[in-house]
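Colleague: My structure file query-v5.txt, compact mmCIF, C-alpha atoms, is below:
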```txt
# COMPACT_ATOMS: atom_id res chain seq x y z
CA MET A 257 -9.10 -21.78 16.49
CA LYS A 258 -8.28 -25.31 15.36
CA LYS A 259 -4.68 -26.38 15.19
CA TYR A 260 -3.69 -27.97 11.94
CA LEU A 261 -0.80 -30.24 11.18
CA TYR A 262 2.06 -28.93 9.15
CA PRO A 263 0.65 -28.71 5.61
CA GLU A 264 3.20 -31.03 4.07
CA GLU A 265 1.93 -33.76 6.36
CA GLY A 266 -1.64 -33.00 5.43
CA ARG A 267 -4.25 -30.97 7.16
CA GLU A 268 -6.71 -32.33 9.65
CA GLY A 269 -9.53 -33.72 7.52
CA ALA A 270 -7.45 -33.76 4.33
CA ARG A 271 -7.35 -37.07 2.51
CA ALA A 272 -4.78 -38.44 0.12
CA VAL A 273 -5.93 -39.40 -3.36
CA GLY A 274 -3.25 -41.96 -4.21
CA VAL A 275 -0.71 -39.79 -6.02
CA GLY A 276 2.13 -38.50 -3.82
CA LYS A 277 1.00 -35.54 -1.73
CA CYS A 278 -2.07 -34.79 -3.88
CA SER A 279 -4.96 -34.47 -1.46
CA LEU A 280 -8.51 -33.20 -1.01
CA TRP A 281 -8.85 -30.50 1.64
CA PRO A 282 -12.12 -29.56 3.29
CA LEU A 283 -13.08 -25.89 3.24
CA GLN A 284 -15.09 -24.01 5.83
CA CYS A 285 -18.70 -23.66 4.67
CA TYR A 286 -21.51 -21.63 6.15
CA SER A 287 -25.06 -22.10 4.93
CA ASP A 288 -28.21 -20.34 6.06
CA GLU A 289 -31.50 -19.18 4.57
CA ARG A 290 -29.65 -16.57 2.47
CA GLY A 291 -27.45 -19.12 0.70
CA ASN A 292 -23.94 -20.58 1.00
CA LEU A 293 -20.51 -19.19 1.71
CA THR A 294 -17.20 -21.06 1.48
CA ALA A 295 -14.15 -19.39 2.97
CA ALA A 296 -10.38 -19.81 2.92
CA GLU A 297 -8.06 -17.91 5.22
CA PHE A 298 -4.84 -18.17 3.29
CA SER A 299 -2.47 -18.70 6.22
CA ARG A 300 -4.64 -21.40 7.78
CA ASP A 301 -6.88 -23.20 5.31
CA LEU A 302 -4.73 -23.73 2.23
CA PRO A 303 -1.56 -25.82 1.82
CA PHE A 304 0.38 -22.64 0.92
CA VAL A 305 -0.14 -18.89 0.94
CA PRO A 306 -1.22 -18.10 -2.64
CA ARG A 307 0.19 -15.26 -4.69
CA ARG A 308 -2.21 -15.67 -7.57
CA ASN A 309 -5.74 -16.81 -8.36
CA PHE A 310 -7.31 -17.58 -11.68
CA PHE A 311 -10.65 -19.00 -12.64
CA ILE A 312 -11.66 -21.02 -15.65
CA TYR A 313 -15.18 -20.88 -17.07
CA GLY A 314 -17.13 -21.34 -20.27
CA VAL A 315 -15.10 -24.42 -21.15
CA ALA A 316 -16.12 -25.88 -24.49
CA ASP A 317 -17.79 -29.27 -24.51
CA GLY A 318 -15.14 -31.97 -24.70
CA ALA A 319 -12.25 -29.55 -24.16
CA LYS A 320 -9.25 -30.47 -22.03
CA ARG A 321 -7.14 -28.06 -20.03
CA GLY A 322 -3.84 -28.47 -18.28
CA GLY A 323 -1.70 -31.17 -19.82
CA HIS A 324 1.49 -30.06 -18.11
CA ALA A 325 3.41 -30.19 -14.86
CA HIS A 326 5.23 -27.49 -12.87
CA ARG A 327 8.77 -27.38 -11.54
CA THR A 328 7.97 -25.19 -8.53
CA CYS A 329 4.41 -23.88 -8.53
CA ARG A 330 1.75 -25.63 -6.45
CA PHE A 331 -1.98 -25.29 -6.97
CA PHE A 332 -5.25 -25.62 -5.11
CA LEU A 333 -8.33 -26.27 -7.27
CA VAL A 334 -11.92 -25.64 -6.22
CA ALA A 335 -14.98 -26.36 -8.39
CA VAL A 336 -16.99 -23.39 -7.15
CA SER A 337 -19.76 -24.32 -9.60
CA GLY A 338 -20.40 -27.42 -11.72
CA ALA A 339 -18.07 -30.37 -12.03
CA LEU A 340 -14.92 -31.58 -13.79
CA SER A 341 -12.48 -34.47 -13.73
CA VAL A 342 -8.78 -34.16 -12.97
CA ALA A 343 -6.21 -36.75 -14.03
CA LEU A 344 -3.09 -36.85 -11.84
CA ASP A 345 0.23 -38.52 -12.57
CA ASP A 346 3.46 -38.10 -10.61
CA GLY A 347 5.47 -40.42 -12.85
CA GLU A 348 4.85 -43.39 -10.58
CA GLU A 349 1.20 -43.32 -9.58
CA LYS A 350 -1.91 -42.18 -11.45
CA SER A 351 -5.39 -41.27 -10.32
CA GLU A 352 -8.56 -39.54 -11.51
CA ILE A 353 -10.55 -37.25 -9.26
CA ILE A 354 -13.96 -35.73 -9.76
CA LEU A 355 -14.31 -32.21 -8.36
CA ASN A 356 -17.98 -31.33 -7.96
CA SER A 357 -18.27 -29.47 -4.66
CA PRO A 358 -17.29 -25.98 -3.49
CA LYS A 359 -16.76 -27.51 -0.05
CA GLU A 360 -13.36 -28.98 -0.80
CA GLY A 361 -10.27 -28.28 -2.86
CA LEU A 362 -7.62 -30.41 -4.54
CA TYR A 363 -4.00 -29.76 -3.55
CA LEU A 364 -1.79 -30.27 -6.59
CA PRO A 365 1.89 -30.13 -5.65
CA GLU A 366 4.77 -29.41 -8.02
CA ARG A 367 6.04 -32.24 -10.23
CA VAL A 368 2.58 -33.67 -10.96
CA TRP A 369 1.27 -34.00 -14.51
CA SER A 370 -2.37 -32.95 -14.57
CA VAL A 371 -5.16 -32.78 -17.13
CA GLN A 372 -8.61 -31.28 -16.48
CA TYR A 373 -11.52 -32.54 -18.60
CA GLY A 374 -15.21 -33.43 -18.50
CA PHE A 375 -16.24 -29.89 -17.57
CA SER A 376 -19.99 -29.43 -17.20
CA LYS A 377 -21.37 -26.38 -18.95
CA ASP A 378 -21.74 -24.37 -15.72
CA THR A 379 -18.34 -25.23 -14.29
CA VAL A 380 -16.32 -22.47 -12.68
CA LEU A 381 -12.94 -23.70 -11.50
CA SER A 382 -11.08 -21.43 -9.09
CA VAL A 383 -7.35 -22.08 -8.84
CA PHE A 384 -4.97 -20.68 -6.23
CA ALA A 385 -1.27 -20.73 -7.14
CA SER A 386 1.73 -20.61 -4.81
CA HIS A 387 3.75 -18.48 -7.22
CA GLU A 388 3.30 -15.80 -9.80
CA TYR A 389 3.06 -16.83 -13.43
CA LYS A 390 6.36 -17.90 -14.98
CA ASP A 391 6.36 -19.56 -18.34
CA ASP A 392 9.58 -21.49 -17.68
CA ASP A 393 8.01 -23.19 -14.65
CA TYR A 394 5.89 -25.30 -17.05
CA ILE A 395 6.89 -28.72 -18.32
CA ARG A 396 4.68 -29.26 -21.37
CA ASP A 397 6.31 -32.37 -22.82
CA TYR A 398 5.24 -35.60 -21.15
CA GLU A 399 8.52 -37.46 -21.80
CA GLU A 400 10.47 -34.55 -20.37
CA PHE A 401 8.20 -34.69 -17.33
CA ARG A 402 8.87 -38.42 -16.90
CA ARG A 403 12.60 -37.80 -16.95
CA TYR A 404 12.23 -34.84 -14.53
CA ALA A 405 10.05 -36.88 -12.14
CA ARG A 406 12.69 -39.64 -11.99
CA GLU A 407 15.51 -37.23 -11.08
CA MET B 26 5.24 -5.82 -17.59
CA LYS B 27 2.89 -2.88 -17.35
CA LYS B 28 3.47 -0.28 -14.68
CA TYR B 29 0.43 0.57 -12.64
CA LEU B 30 -0.26 3.63 -10.58
CA TYR B 31 -0.22 3.39 -6.84
CA PRO B 32 -3.44 1.49 -6.04
CA GLU B 33 -4.90 4.24 -3.87
CA GLU B 34 -4.86 6.47 -6.93
CA GLY B 35 -6.52 3.77 -8.98
CA ARG B 36 -5.11 1.32 -11.40
CA GLU B 37 -4.67 1.98 -15.07
CA GLY B 38 -8.06 1.16 -16.56
CA ALA B 39 -9.89 1.31 -13.22
CA ARG B 40 -12.92 3.56 -13.10
CA ALA B 41 -14.57 5.26 -10.17
CA VAL B 42 -18.22 4.49 -9.49
CA GLY B 43 -19.20 7.66 -7.64
CA VAL B 44 -18.64 6.62 -4.02
CA GLY B 45 -15.24 7.56 -2.60
CA LYS B 46 -12.53 5.20 -3.78
CA CYS B 47 -14.96 2.46 -4.82
CA SER B 48 -13.93 1.47 -8.32
CA LEU B 49 -14.22 -1.18 -11.01
CA TRP B 50 -10.92 -2.81 -11.93
CA PRO B 51 -10.33 -4.72 -15.16
CA LEU B 52 -8.89 -8.22 -14.83
CA GLN B 53 -6.65 -10.03 -17.27
CA CYS B 54 -8.69 -12.42 -19.42
CA TYR B 55 -7.53 -15.04 -21.87
CA SER B 56 -10.01 -16.75 -24.16
CA ASP B 57 -9.39 -19.42 -26.76
CA GLU B 58 -11.18 -22.42 -28.24
CA ARG B 59 -10.91 -24.25 -24.88
CA GLY B 60 -12.78 -21.57 -22.91
CA ASN B 61 -11.97 -18.57 -20.72
CA LEU B 62 -9.48 -17.82 -17.99
CA THR B 63 -9.41 -14.73 -15.77
CA ALA B 64 -6.29 -14.17 -13.68
CA ALA B 65 -5.20 -11.99 -10.78
CA GLU B 66 -1.61 -11.75 -9.62
CA PHE B 67 -2.12 -10.52 -6.10
CA SER B 68 0.79 -8.09 -5.93
CA ARG B 69 -0.06 -6.49 -9.26
CA ASP B 70 -3.71 -6.81 -10.26
CA LEU B 71 -5.64 -6.20 -7.05
CA PRO B 72 -5.86 -3.03 -4.89
CA PHE B 73 -4.32 -4.95 -1.98
CA VAL B 74 -2.65 -8.30 -1.33
CA PRO B 75 -5.48 -10.50 -0.03
CA ARG B 76 -5.21 -12.74 2.99
CA ARG B 77 -8.56 -14.41 2.51
CA ASN B 78 -11.02 -15.43 -0.19
CA PHE B 79 -14.59 -16.50 0.12
CA PHE B 80 -17.25 -17.26 -2.41
CA ILE B 81 -20.98 -16.97 -2.18
CA TYR B 82 -23.31 -19.23 -4.18
CA GLY B 83 -26.79 -20.71 -4.12
CA VAL B 84 -28.26 -17.43 -2.93
CA ALA B 85 -32.00 -17.70 -2.38
CA ASP B 86 -34.29 -15.73 -4.66
CA GLY B 87 -34.81 -12.26 -3.22
CA ALA B 88 -32.15 -12.69 -0.53
CA LYS B 89 -29.85 -9.85 0.45
CA ARG B 90 -26.32 -10.22 1.74
CA GLY B 91 -23.94 -7.73 3.28
CA GLY B 92 -25.73 -4.92 5.08
CA HIS B 93 -22.67 -3.78 7.01
CA ALA B 94 -19.47 -1.80 6.74
CA HIS B 95 -15.92 -2.55 7.89
CA ARG B 96 -13.53 -0.53 10.00
CA THR B 97 -10.34 -1.86 8.39
CA CYS B 98 -10.98 -4.67 5.95
CA ARG B 99 -11.14 -3.93 2.22
CA PHE B 100 -12.73 -6.19 -0.37
CA PHE B 101 -12.59 -6.99 -4.06
CA LEU B 102 -15.73 -8.59 -5.54
CA VAL B 103 -15.89 -10.58 -8.77
CA ALA B 104 -19.04 -12.12 -10.25
CA VAL B 105 -17.32 -15.19 -11.65
CA SER B 106 -20.72 -16.48 -12.79
CA GLY B 107 -24.17 -14.88 -13.05
CA ALA B 108 -25.02 -11.37 -11.88
CA LEU B 109 -25.88 -9.34 -8.80
CA SER B 110 -26.38 -5.75 -7.71
CA VAL B 111 -24.29 -3.96 -5.10
CA ALA B 112 -25.50 -0.88 -3.22
CA LEU B 113 -22.68 1.36 -1.96
CA ASP B 114 -22.88 4.16 0.59
CA ASP B 115 -19.96 5.95 2.22
CA GLY B 116 -22.17 8.22 4.34
CA GLU B 117 -22.02 11.01 1.77
CA GLU B 118 -22.50 9.43 -1.62
CA LYS B 119 -24.54 6.44 -2.78
CA SER B 120 -24.45 4.30 -5.88
CA GLU B 121 -25.68 0.99 -7.24
CA ILE B 122 -23.49 -1.23 -9.38
CA ILE B 123 -24.37 -4.31 -11.39
CA LEU B 124 -21.66 -6.95 -11.41
CA ASN B 125 -22.21 -9.38 -14.27
CA SER B 126 -18.80 -10.11 -15.74
CA PRO B 127 -15.81 -12.15 -14.58
CA LYS B 128 -13.65 -9.65 -16.45
CA GLU B 129 -13.73 -6.98 -13.77
CA GLY B 130 -13.91 -6.63 -10.02
CA LEU B 131 -15.33 -4.05 -7.62
CA TYR B 132 -12.94 -2.53 -5.10
CA LEU B 133 -14.80 -1.91 -1.86
CA PRO B 134 -12.66 0.07 0.61
CA GLU B 135 -13.15 0.18 4.37
CA ARG B 136 -15.85 2.52 5.75
CA VAL B 137 -18.37 1.79 2.99
CA TRP B 138 -21.82 0.40 3.75
CA SER B 139 -22.66 -2.27 1.19
CA VAL B 140 -25.62 -4.52 0.40
CA GLN B 141 -25.59 -7.25 -2.26
CA TYR B 142 -28.92 -8.26 -3.79
CA GLY B 143 -30.62 -9.33 -7.02
CA PHE B 144 -28.53 -12.47 -7.33
CA SER B 145 -29.36 -14.58 -10.35
CA LYS B 146 -29.73 -18.28 -9.64
CA ASP B 147 -26.33 -19.19 -11.09
CA THR B 148 -24.37 -16.39 -9.42
CA VAL B 149 -21.03 -17.20 -7.87
CA LEU B 150 -19.49 -14.18 -6.19
CA SER B 151 -15.79 -14.46 -5.35
CA VAL B 152 -14.56 -12.00 -2.71
CA PHE B 153 -10.96 -11.24 -1.82
CA ALA B 154 -10.37 -9.65 1.59
CA SER B 155 -7.39 -7.61 2.75
CA HIS B 156 -7.53 -9.06 6.26
CA GLU B 157 -8.41 -12.23 8.07
CA TYR B 158 -11.89 -12.54 9.52
CA LYS B 159 -12.47 -10.49 12.68
CA ASP B 160 -15.96 -10.09 14.00
CA ASP B 161 -15.23 -6.72 15.63
CA ASP B 162 -14.22 -5.24 12.28
CA TYR B 163 -17.90 -5.24 11.29
CA ILE B 164 -20.26 -2.30 11.76
CA ARG B 165 -23.72 -3.81 11.49
CA ASP B 166 -25.82 -0.86 12.67
CA TYR B 167 -26.46 1.77 10.00
CA GLU B 168 -26.71 4.72 12.41
CA GLU B 169 -23.44 3.67 14.05
CA PHE B 170 -21.92 3.55 10.57
CA ARG B 171 -23.18 7.06 9.80
CA ARG B 172 -21.53 8.39 12.94
CA TYR B 173 -18.33 6.48 12.20
CA ALA B 174 -18.22 7.75 8.62
CA ARG B 175 -18.48 11.36 9.84
CA GLU B 176 -15.56 11.02 12.28
```
Would you write the structure of this file as structure tokens?

Modeller:
Amino acid sequence: MKKYLYPEEGREGARAVGVGKCSLWPLQCYSDERGNLTAAEFSRDLPFVPRRNFFIYGVADGAKRGGHAHRTCRFFLVAVSGALSVALDDGEEKSEIILNSPKEGLYLPERVWSVQYGFSKDTVLSVFASHEYKDDDYIRDYEEFRRYARE
Amino acid sequence: MKKYLYPEEGREGARAVGVGKCSLWPLQCYSDERGNLTAAEFSRDLPFVPRRNFFIYGVADGAKRGGHAHRTCRFFLVAVSGALSVALDDGEEKSEIILNSPKEGLYLPERVWSVQYGFSKDTVLSVFASHEYKDDDYIRDYEEFRRYARE
């Protein structure tokens, strides 16, 4: 089995995207004549062991999702079908990423403002979360986020 | 927060499908003008806390997947897009299930022979597994499975 670096330093093959520790992580893919399979062993292939998964689908044309940051929760986003754009902002740096492959996932640490948009009609976005849902983990006001990010 | 029964007895809202403990479990869904979100908190909404997730996509027309049983590993299957059929066989009872909604998942316990087929072109099947991948957990010979199931 491959040895990976400590996740906070980035996994072997992971690449930074210009905003703090946000990074694209390769996933193990197996393709044969029957089709494709992408796998994630939680203790090895993701930047954290998830406690929750949700998936987003049937997004209306032109709709945006996200538009908030988190105090504690970290996320890992995989476009298992279709494509979308993700805007990232840690209060200092900004970037925009296109997710259009089930063969990689975007690590979104805490304290990053993120908006998802430009969903194609067939997009299914699978999101792993490091923590269970807690409403008070959200920062939904951008100016509050800017103050929080500077702390 | 809702209280659920002990998973082995089946979750509130779960329904048996005629083969042992195989059952369809409802998932929490949230829909609004931006689209749909289906969520699973691992310690509450699934029959086990998963250690692995994989998803299957781009399945060739007419292809079958599965065709094995597991000694220990349990699974939870969600058609997050499209549709497929799942044949179930615990050595005594048999059933066929159509999965065509991201709003429920199929609990597939250990010791059940399963084949997935009839994938529509856009099908994305997300599978949660109770254990990490181990090749010797597979039983790939049907007669060996029949003997194992009788033990």

Colleague: Could you work out which residues of chain A fall inside 7 Å of chain B? Count only C-alpha atoms, and format the result as a list of chain:residue names.

Modeller: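 Those within range of chain B come out as A:Arg290, A:Gly291, A:Asn292, A:Leu293, A:Thr294, A:Ala295, A:Ala296, A:Glu297, A:Phe298, A:Arg307, A:Arg308, A:Asn309, A:Phe310, A:Phe311, A:Ile312, A:Tyr313, A:Gly314, A:Val315, A:Ala316, A:Ala319, A:Glu388.
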
Colleague: Can I have chain A aligned to chain B? Use a least-squares fit on all Cα atoms paired in order and write it out as an mmCIF file with C-alpha atoms, in the coordinates of the input.

Modeller:
```cif
data_model
loop_
_atom_site.group_PDB
_atom_site.id
_atom_site.type_symbol
_atom_site.label_atom_id
_atom_site.label_comp_id
_atom_site.auth_asym_id
_atom_site.auth_seq_id
_atom_site.Cartn_x
_atom_site.Cartn_y
_atom_site.Cartn_z
ATOM 1 C CA MET A 257 5.069 -5.870 -17.595
ATOM 2 C CA LYS A 258 2.734 -2.887 -17.352
ATOM 3 C CA LYS A 259 3.366 -0.288 -14.710
ATOM 4 C CA TYR A 260 0.360 0.575 -12.638
ATOM 5 C CA LEU A 261 -0.320 3.644 -10.588
ATOM 6 C CA TYR A 262 -0.263 3.389 -6.854
ATOM 7 C CA PRO A 263 -3.472 1.502 -6.012
ATOM 8 C CA GLU A 264 -4.918 4.221 -3.828
ATOM 9 C CA GLU A 265 -4.895 6.500 -6.848
ATOM 10 C CA GLY A 266 -6.541 3.855 -8.965
ATOM 11 C CA ARG A 267 -5.108 1.399 -11.381
ATOM 12 C CA GLU A 268 -4.681 2.023 -15.060
ATOM 13 C CA GLY A 269 -8.066 1.172 -16.555
ATOM 14 C CA ALA A 270 -9.872 1.313 -13.205
ATOM 15 C CA ARG A 271 -12.906 3.563 -13.100
ATOM 16 C CA ALA A 272 -14.553 5.268 -10.172
ATOM 17 C CA VAL A 273 -18.200 4.496 -9.495
ATOM 18 C CA GLY A 274 -19.170 7.674 -7.647
ATOM 19 C CA VAL A 275 -18.631 6.618 -4.037
ATOM 20 C CA GLY A 276 -15.232 7.581 -2.592
ATOM 21 C CA LYS A 277 -12.525 5.190 -3.760
ATOM 22 C CA CYS A 278 -14.966 2.450 -4.829
ATOM 23 C CA SER A 279 -13.925 1.461 -8.328
ATOM 24 C CA LEU A 280 -14.218 -1.198 -11.023
ATOM 25 C CA TRP A 281 -10.911 -2.828 -11.938
ATOM 26 C CA PRO A 282 -10.313 -4.734 -15.149
ATOM 27 C CA LEU A 283 -8.897 -8.239 -14.831
ATOM 28 C CA GLN A 284 -6.639 -10.030 -17.275
ATOM 29 C CA CYS A 285 -8.683 -12.423 -19.418
ATOM 30 C CA TYR A 286 -7.521 -15.049 -21.860
ATOM 31 C CA SER A 287 -9.994 -16.755 -24.158
ATOM 32 C CA ASP A 288 -9.363 -19.426 -26.760
ATOM 33 C CA GLU A 289 -11.158 -22.423 -28.239
ATOM 34 C CA ARG A 290 -10.881 -24.263 -24.896
ATOM 35 C CA GLY A 291 -12.748 -21.592 -22.932
ATOM 36 C CA ASN A 292 -11.967 -18.582 -20.726
ATOM 37 C CA LEU A 293 -9.490 -17.837 -17.985
ATOM 38 C CA THR A 294 -9.402 -14.740 -15.771
ATOM 39 C CA ALA A 295 -6.306 -14.189 -13.669
ATOM 40 C CA ALA A 296 -5.199 -12.007 -10.770
ATOM 41 C CA GLU A 297 -1.608 -11.772 -9.616
ATOM 42 C CA PHE A 298 -2.112 -10.530 -6.100
ATOM 43 C CA SER A 299 0.805 -8.091 -5.942
ATOM 44 C CA ARG A 300 -0.060 -6.488 -9.276
ATOM 45 C CA ASP A 301 -3.708 -6.815 -10.247
ATOM 46 C CA LEU A 302 -5.642 -6.205 -7.041
ATOM 47 C CA PRO A 303 -5.856 -3.047 -4.905
ATOM 48 C CA PHE A 304 -4.314 -4.968 -1.969
ATOM 49 C CA VAL A 305 -2.645 -8.303 -1.316
ATOM 50 C CA PRO A 306 -5.487 -10.509 -0.027
ATOM 51 C CA ARG A 307 -5.216 -12.740 3.007
ATOM 52 C CA ARG A 308 -8.565 -14.406 2.528
ATOM 53 C CA ASN A 309 -11.018 -15.428 -0.178
ATOM 54 C CA PHE A 310 -14.596 -16.516 0.135
ATOM 55 C CA PHE A 311 -17.253 -17.263 -2.410
ATOM 56 C CA ILE A 312 -20.997 -16.960 -2.178
ATOM 57 C CA TYR A 313 -23.319 -19.210 -4.170
ATOM 58 C CA GLY A 314 -26.785 -20.706 -4.135
ATOM 59 C CA VAL A 315 -28.267 -17.427 -2.936
ATOM 60 C CA ALA A 316 -32.001 -17.684 -2.374
ATOM 61 C CA ASP A 317 -34.279 -15.721 -4.662
ATOM 62 C CA GLY A 318 -34.804 -12.252 -3.232
ATOM 63 C CA ALA A 319 -32.151 -12.670 -0.532
ATOM 64 C CA LYS A 320 -29.835 -9.829 0.443
ATOM 65 C CA ARG A 321 -26.307 -10.203 1.738
ATOM 66 C CA GLY A 322 -23.934 -7.744 3.301
ATOM 67 C CA GLY A 323 -25.714 -4.913 5.050
ATOM 68 C CA HIS A 324 -22.667 -3.770 6.985
ATOM 69 C CA ALA A 325 -19.461 -1.789 6.729
ATOM 70 C CA HIS A 326 -15.903 -2.547 7.882
ATOM 71 C CA ARG A 327 -13.523 -0.518 10.010
ATOM 72 C CA THR A 328 -10.345 -1.850 8.390
ATOM 73 C CA CYS A 329 -10.980 -4.676 5.941
ATOM 74 C CA ARG A 330 -11.142 -3.947 2.211
ATOM 75 C CA PHE A 331 -12.726 -6.207 -0.373
ATOM 76 C CA PHE A 332 -12.585 -7.008 -4.061
ATOM 77 C CA LEU A 333 -15.724 -8.605 -5.534
ATOM 78 C CA VAL A 334 -15.869 -10.585 -8.766
ATOM 79 C CA ALA A 335 -19.044 -12.117 -10.239
ATOM 80 C CA VAL A 336 -17.323 -15.192 -11.646
ATOM 81 C CA SER A 337 -20.719 -16.489 -12.799
ATOM 82 C CA GLY A 338 -24.153 -14.860 -13.060
ATOM 83 C CA ALA A 339 -25.010 -11.378 -11.891
ATOM 84 C CA LEU A 340 -25.871 -9.340 -8.794
ATOM 85 C CA SER A 341 -26.366 -5.747 -7.719
ATOM 86 C CA VAL A 342 -24.283 -3.967 -5.101
ATOM 87 C CA ALA A 343 -25.473 -0.878 -3.236
ATOM 88 C CA LEU A 344 -22.663 1.363 -1.962
ATOM 89 C CA ASP A 345 -22.871 4.158 0.585
ATOM 90 C CA ASP A 346 -19.950 5.960 2.219
ATOM 91 C CA GLY A 347 -22.146 8.214 4.350
ATOM 92 C CA GLU A 348 -22.023 11.003 1.788
ATOM 93 C CA GLU A 349 -22.504 9.440 -1.626
ATOM 94 C CA LYS A 350 -24.546 6.439 -2.765
ATOM 95 C CA SER A 351 -24.451 4.306 -5.872
ATOM 96 C CA GLU A 352 -25.684 0.985 -7.253
ATOM 97 C CA ILE A 353 -23.488 -1.232 -9.382
ATOM 98 C CA ILE A 354 -24.363 -4.300 -11.384
ATOM 99 C CA LEU A 355 -21.650 -6.966 -11.402
ATOM 100 C CA ASN A 356 -22.217 -9.378 -14.277
ATOM 101 C CA SER A 357 -18.788 -10.105 -15.743
ATOM 102 C CA PRO A 358 -15.795 -12.160 -14.590
ATOM 103 C CA LYS A 359 -13.624 -9.656 -16.453
ATOM 104 C CA GLU A 360 -13.721 -6.992 -13.774
ATOM 105 C CA GLY A 361 -13.904 -6.640 -10.016
ATOM 106 C CA LEU A 362 -15.333 -4.068 -7.623
ATOM 107 C CA TYR A 363 -12.929 -2.542 -5.094
ATOM 108 C CA LEU A 364 -14.800 -1.908 -1.856
ATOM 109 C CA PRO A 365 -12.664 0.053 0.602
ATOM 110 C CA GLU A 366 -13.159 0.196 4.365
ATOM 111 C CA ARG A 367 -15.847 2.515 5.746
ATOM 112 C CA VAL A 368 -18.370 1.783 2.980
ATOM 113 C CA TRP A 369 -21.821 0.394 3.749
ATOM 114 C CA SER A 370 -22.659 -2.274 1.193
ATOM 115 C CA VAL A 371 -25.610 -4.517 0.399
ATOM 116 C CA GLN A 372 -25.596 -7.259 -2.257
ATOM 117 C CA TYR A 373 -28.941 -8.259 -3.792
ATOM 118 C CA GLY A 374 -30.623 -9.310 -7.031
ATOM 119 C CA PHE A 375 -28.517 -12.461 -7.330
ATOM 120 C CA SER A 376 -29.343 -14.575 -10.374
ATOM 121 C CA LYS A 377 -29.731 -18.263 -9.655
ATOM 122 C CA ASP A 378 -26.313 -19.173 -11.104
ATOM 123 C CA THR A 379 -24.380 -16.386 -9.418
ATOM 124 C CA VAL A 380 -21.022 -17.204 -7.885
ATOM 125 C CA LEU A 381 -19.476 -14.194 -6.188
ATOM 126 C CA SER A 382 -15.781 -14.458 -5.352
ATOM 127 C CA VAL A 383 -14.563 -12.020 -2.712
ATOM 128 C CA PHE A 384 -10.950 -11.256 -1.820
ATOM 129 C CA ALA A 385 -10.369 -9.659 1.591
ATOM 130 C CA SER A 386 -7.383 -7.617 2.757
ATOM 131 C CA HIS A 387 -7.527 -9.068 6.265
ATOM 132 C CA GLU A 388 -8.422 -12.232 8.060
ATOM 133 C CA TYR A 389 -11.896 -12.543 9.520
ATOM 134 C CA LYS A 390 -12.468 -10.486 12.663
ATOM 135 C CA ASP A 391 -15.950 -10.083 13.988
ATOM 136 C CA ASP A 392 -15.218 -6.725 15.636
ATOM 137 C CA ASP A 393 -14.209 -5.229 12.277
ATOM 138 C CA TYR A 394 -17.911 -5.222 11.276
ATOM 139 C CA ILE A 395 -20.239 -2.281 11.768
ATOM 140 C CA ARG A 396 -23.718 -3.796 11.494
ATOM 141 C CA ASP A 397 -25.811 -0.852 12.673
ATOM 142 C CA TYR A 398 -26.454 1.758 10.001
ATOM 143 C CA GLU A 399 -26.705 4.713 12.419
ATOM 144 C CA GLU A 400 -23.442 3.686 14.036
ATOM 145 C CA PHE A 401 -21.912 3.557 10.564
ATOM 146 C CA ARG A 402 -23.160 7.078 9.794
ATOM 147 C CA ARG A 403 -21.557 8.385 12.960
ATOM 148 C CA TYR A 404 -18.316 6.461 12.218
ATOM 149 C CA ALA A 405 -18.201 7.754 8.621
ATOM 150 C CA ARG A 406 -18.489 11.364 9.844
ATOM 151 C CA GLU A 407 -15.572 11.027 12.286
#
```

Colleague: Excluding Phe332 in chain A and residues on its chain fewer than 5 positions from it, collect all residues at most 10 Å away from it, counting only C-alpha atoms, and give them as a count of residues only.

Modeller: 20

Colleague: Can you work out the spacing between CA of Val44 in chain B and CA of Phe144 in chain B in Å, to one decimal?

Modeller: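 Value for the CA of Val44 in chain B-CA of Phe144 in chain B distance: 21.8 Å.
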
Colleague: Could you work out how far CA of Tyr167 in chain B lies from CA of Lys146 in chain B, giving the answer in Å with one decimal?

Modeller: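 These atoms are spaced 28.3 Å apart.
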
Colleague: Write out as number ranges by chain which residues come within 10 Å of Glu349 in chain A when counting all atoms listed in the file, dropping same-chain ones fewer than 6 positions away.

Modeller: A: 274-276, 368

Colleague: Please identify all polymer residues within 10 Å of Ala343 in chain A, counting all atoms listed in the file, omitting same-chain residues fewer than 6 positions from it, and present them as a ChimeraX atom specification.

Modeller: /A:322-323,350-354,368-373
